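Take a look at the structure below.
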Amino acid sequence: MRSPPRSSPRSGAGGQSRVLCTSLQWVPFAIALFVVAIELSPAHFLYTGPLLTATPALAAVTMGPKGTVAAAALALAVSVTTATYNQAWGSQQVYSNLLALLLVSAASFVMSTAMRTRSRNELNQVRRIAVAAQEVLLRPVSARLGPVRAASMYLAAETGAQIGGDLYEAVQTRYGVRIIVGDVRGKGLPAVRSAAAVLGAFREAVHYEEELVEVMNHCAAALQRECAVPGAVDDEVLAEGFVTALVAQVPDGPVVQLVNRGHPPPLVLHRGKAQALTPASPLPPLGLEAFVTGSPAEAESYPFAPGDRLLLHTDGVTEARNRDNDFFPLPEAMEAVQACTPPEFLEHLRQGLLRHTEDLLADDAAMLLVDRLDDEAGGPGGAAAVSRSDGPR
């Protein structure tokens with residue numbers, strides 16, 4: 001999912017919220033230290049009981065059950081220590097403070113536990129709904145499609161139930177294996193609607209449009225129709241929204257044909273070396289047709305020999321950064337992976353990506369890997385044999 005540029009992968013609204021929450025967690029302990037400072041100073045005659053009583057209640061709001069217990073224990077220790085230091089035992093005020101502190105601590109713990117349980121249940125429910133919606137939008141890619149083997153992987157940047165705008169699909173047609181990878185600029189339901197519109201147009205057009213360029217044109221027209229629906233897309237997305245998309249076709253010959261509309265170029269791994277398939281005539285993303293000066297007459301072709309691997313991805317992979325603000329070196333990561341199956345290959349890349357970012361992705365990331373098989377495995381006979389062997393038993 002394409003998002004606005006950031007100065008740091010850890011900046012943004014999510015990072016600011018986490019910083020604010022962390023700051024608020026220290027408030028109860030700061031209050032306890034403030035009370036200690038007053039009680040151990042000549043101003044110990046000031047009444048500090050209500051301040052200590054409030055600490056577990058504040059902790060219950062920001063720190064959960066464990067933090068509430070810690071804040072209550074600290075407040076109790078401060079109360080006992082200051083009462084002993086000031087020789088205040090025996091006064092009714094000390095015992096009233098202790099009783100109030102115990103009651104508020106118990107109530108805060110119960111409230112914090114209930115809030116945590118409720119929040120967890122609600123988040124789990126939303127996650128299940130989000131996963132179901134994501135699986136409907138992004139169907140699993142078949143492991144075998146004619147002359148290729150394929151695998152896909154999607155990584156969400158948010159740990160919660162965030163449905164992204166990254167999209168991909170691979171379909172076997174009479175023209176060859178056709179693939180799309182795209183990235184919606186924007187977030188939330190408007191991005192999902194745009195992704196669904198582009199995917200729906202692709203899944204339909206790939207079966208009857210002979211020219212790959214026309215398949216891409218159908219996707220662009222579907223996005224325009226979606227943006228024209230009143231209320232389907234908010235004003236910000238309508239003004240700045242677009243979809244980068246890459247459509248590929250793997251025919252019977254040792255080539256791959258591409259139509260690229262502003263998407264990061266795919267990488268081909270040939271004899272251990274990764275090379276980007278950069279378009280000769282760059283075109284703007286879908287939704288920015290006003291900037292198209294001319295449509296290519298045909299798709300661009302690149303060598304894709306048996307044994308080669310083609311990786312299509314979104315910019316969430318290549319623009320992932322580490323603490324030093326360095327981009328993830330995707331070509332080097334591909335070259336470092338030893339021979340393995342497509343799912344294992346993507347798993348190696350996923351682990352490398354998460355190590356690079358320390359599990360803190362700034363953007364959603366999608367990858368789709370295609371292996372070109374040799375003629376015997378990829379020809380009609382080989383495809384039929386695999387189809388029979390992978391069928392129901």
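Naming scheme: A, B, ... for chains in displayed order of the structure tokens; residues 1 onward per chain; ligands 1 onward as shown.
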Please produce, as a tab-separated table, a per-residue contact table for range 118-232 of chain A versus range 95-114 of chain A (criterion: any atom at most 12 Å away, only C-alpha atoms considered), showing the nearest atom pair and its distance in Å to one decimal, sorted by chain then residue number.
```
residue	atom	partner	partner_atom	distance
A:Arg118	CA	A:Ala114	CA	6.1
A:Ser119	CA	A:Ala114	CA	8.5
A:Arg120	CA	A:Ala114	CA	9.9
A:Asn121	CA	A:Ala114	CA	10.6
```
For the selection you just gave me, I'd like the residues written to a file as an mmCIF file, in the first residue's frame, keeping C-alpha atoms.
```cif
data_model
loop_
_atom_site.group_PDB
_atom_site.id
_atom_site.type_symbol
_atom_site.label_atom_id
_atom_site.label_comp_id
_atom_site.auth_asym_id
_atom_site.auth_seq_id
_atom_site.Cartn_x
_atom_site.Cartn_y
_atom_site.Cartn_z
ATOM 1 C CA ARG A 118 -12.841 -6.457 26.031
ATOM 2 C CA SER A 119 -10.269 -4.764 23.818
ATOM 3 C CA ARG A 120 -8.604 -8.085 23.040
ATOM 4 C CA ASN A 121 -11.910 -9.706 22.095
#
```
Produce a table with one row for each residue of range 311-355 of chain A that has an atom at most 9 Å from any atom of range 261-271 of chain A, each row naming the nearest atom pair and its distance in Å at one decimal; use only C-alpha atoms; arrange rows by chain and rising residue number; format as a Markdown table.
```
| residue | atom | partner | partner_atom | distance |
| --- | --- | --- | --- | --- |
| A:Leu311 | CA | A:Leu267 | CA | 5.2 |
| A:Leu312 | CA | A:Pro266 | CA | 4.7 |
| A:His313 | CA | A:Pro266 | CA | 6.7 |
| A:Thr314 | CA | A:Pro264 | CA | 6.6 |
| A:Asp315 | CA | A:Pro264 | CA | 6.4 |
| A:Thr318 | CA | A:Pro264 | CA | 8.5 |
| A:Leu330 | CA | A:Leu267 | CA | 9.0 |
| A:Pro331 | CA | A:Leu267 | CA | 7.5 |
| A:Met334 | CA | A:Leu269 | CA | 7.4 |
| A:Glu335 | CA | A:Leu269 | CA | 7.4 |
```
Strand (DSSP E) per DSSP on the backbone: members of range 20-269 of chain A, as a ChimeraX atom specification = /A:144-145,148-155,166-173,176-184,243-250,255-261,267-269
DSSP on the backbone, then: every residue of range 106-322 of chain A marked helix (DSSP H, G or I), written as a VMD selection string.
-> chain A and resid 106 to 137 188 to 205 212 to 228 235 to 240 289 to 291 315 to 318
Nearest residue to Ser301 in chain A from the set A:Val250, A:Cys340, A:Val126, A:Ala274 (distances using only C-alpha atoms) |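 Ranking A:Val250, A:Cys340, A:Val126, A:Ala274 by distance to Ser301 in chain A, first place goes to A:Val250.
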Can you tell me how far CA of Val256 in chain A sits from CA of Arg139 in chain A, in Å to one decimal?
->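 One can read the CA of Val256 in chain A to CA of Arg139 in chain A distance as 22.8 Å.
Distances to Gln249 in chain A were evaluated for A:Lys66, A:Arg174, A:Arg116, A:Arg323 using only C-alpha atoms, and the minimum falls at A:Arg174.
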